[in-house]
Amino acid sequence: MSIISNYMGVKKLLEEKRVRTRFAPSPTGYMHIGNLRTALYAYLFAKANGGDFILRIEDTDRARYVPDAVDFIKRTLAAANIIPDEGPDIGGDFGPYVQSERKEIYMKYAMELVEKGYAYRCFCDPDAEHKDSGDGKSYAGYDRHCRDLAPEVIKKHLDDGDPFVIRQKMPLTGTTTFNDVVHGAITINNDELEDQVLIKRDGMPTYNFANVIDDHLMGVTHIIRGTEFITSTPKHVLLYESFGWELPAFIHLAPVMGKNEDGSVSKLSKRHGATSFAELTEMGYLPEAITNYVALLGWSPKSNQEVFSMDELMKIFSLDGLSKSPAVFDYAKLDWFNSEYFKAMNDNDFARAALPFAGELTDEVREKWLYLAGILRTRVSRFSEIPEKIAFLRELPDYDVELFKNKRNKVTLDVAKNIIPIAIDMFSYLPGWTPYSIDATMPGVVTRAAAKLGTVMWPLRIALSGQKVTPGGVTEILYLLGQEESIKRLKKGLAKLEEI
RNA sequence: GGCGCCAUCGUCAAGUGGUUAAGACACCGCCCUUUCACGGCGGGUUCGUGGGUUCAAAUCCCGCUGGCGUCACCA
């Protein structure tokens, strides 16, 4: 892609006022939830305005490159249903979309700055770099040793083939102000700006340089990124000005925090639990639920609606709903979103999606999985809760006979001892073992026991499951266990009662 | 430490000078009910702090405190 045609492209986009946003991760092999949110917002904003969303890989740091990371990023975005219009493999008119493949472009622009006097070559040794001692009043970075080298000195270095970096020549006085869409005007004193490196010794650009070049060349109109870039934005602004380029809109997102054990908060990290999109889906959260929740973490719609499909978000997302302050990631709320999505699913879809999380199943339960899944659907908030919830179906837990006692339902050990034989009797020879036939038999048991429904059900549940709380009622458990196993467990419960 | 950003229930948050300060999650209680769940109803000293400005401040201004970020040939 030639610079000229690229320029024409940008000009055309500007004339159209077409919104273009980008997500520009570095390939670290991990999609943090905060990054996912940044990508989401950039995507939603572009789509809400009929614009384009670009994926660009910022791999200018060879040392930190992780081999399959790019692929991982693409898969994660796909899973989250965030679909770039342009990017590596996808193509587009402004590629390449991988920065390491754009090396020459940056060098060319850097040299332009050197010629214009906005940048200079620095031959200093990186290890013995001249640093300001730091008087606490002004910047404490590079001492600008090479800022005004005499032409002859530069020529000598060049002739000797000395390696160099290119640094930005910062204004020494005055201030730089930019307007942030969510924060308003932000001003910083120029004397705090270091003559930052634009092109590294290895010829690669630094982030602070590459992102400016690429955002301009790719026609990015709105830069959406985390607040950690707020302090370096003035440097970017100066670069835009040096080139005479129009400034994009800056939107800095407040960070996603995690809650610590002591109640304090800090930037969401591993110690807060699962923090990557992949980890969350492995825990049994639906991608849609994660996206939905994350969309509302730091942004709020105009209405009180909370459950949104991606399509809805793509219509209503707007920048004015963004909040300035950090948001704490709340797993409990994510649980709620996830269960809302479960409730909205049909049993078939839920059964299929939940099966991989179910763990080892008995043949009986495997056959009745769809039925079980229907019961589980409104009772779990994430798939990973399933194995524990249904463990009793596979194996009757060892339980205390005291469990048979229940005050509310007026069940004593004697009552239980009285009721269980009736159930054994009536269910042992029941032809056909279906939820319907079981249900139809129950009134007879209640009648023969001459007790209330709850009084009958309680001891049966205990004998059948060994626990007070089960997903689903007694009828469902009977069906799921199968006739043989049900009778076996009832007899065992009775034996337990007769022992005392 | 310098600089910058931020500050409404436990959490997400609405709110832009006059409101009973919404709503949601979580929590607690009640109802429904064969347990659980679902569903329904109800509950809670919430505007960090001190000064201003104003008839009137969660909303505007200043200080303080606290949190976060940033000061790389990382992004």
# chains A, B, ... in the order shown; residues from 1 in each chain; ligands from 1
>>> interface_residues(of="chain B", to="chain A", cutoff="12 Å", atoms="only C-alpha atoms (C1' of nucleotides)", output="PyMOL selection string")
chain B and resi 1-8+10-15+22-27+33-39+66-75
>>> select_by_dssp(residues="region 73-247 of chain A", states="helix (DSSP H, G or I)", output="PyMOL selection string")
chain A and resi 73-79+99-116+151-159+190-192+207-217+227-243
>>> closest_residue(among="A:Ser100, A:Asn418, A:Thr21, A:Asn179", to="Leu497 (chain A)", atoms="only C-alpha atoms")
A:Asn418
>>> atom_distance(atom1="CA of Lys103 (chain A)", atom2="CA of Tyr120 (chain A)")
18.2 Å
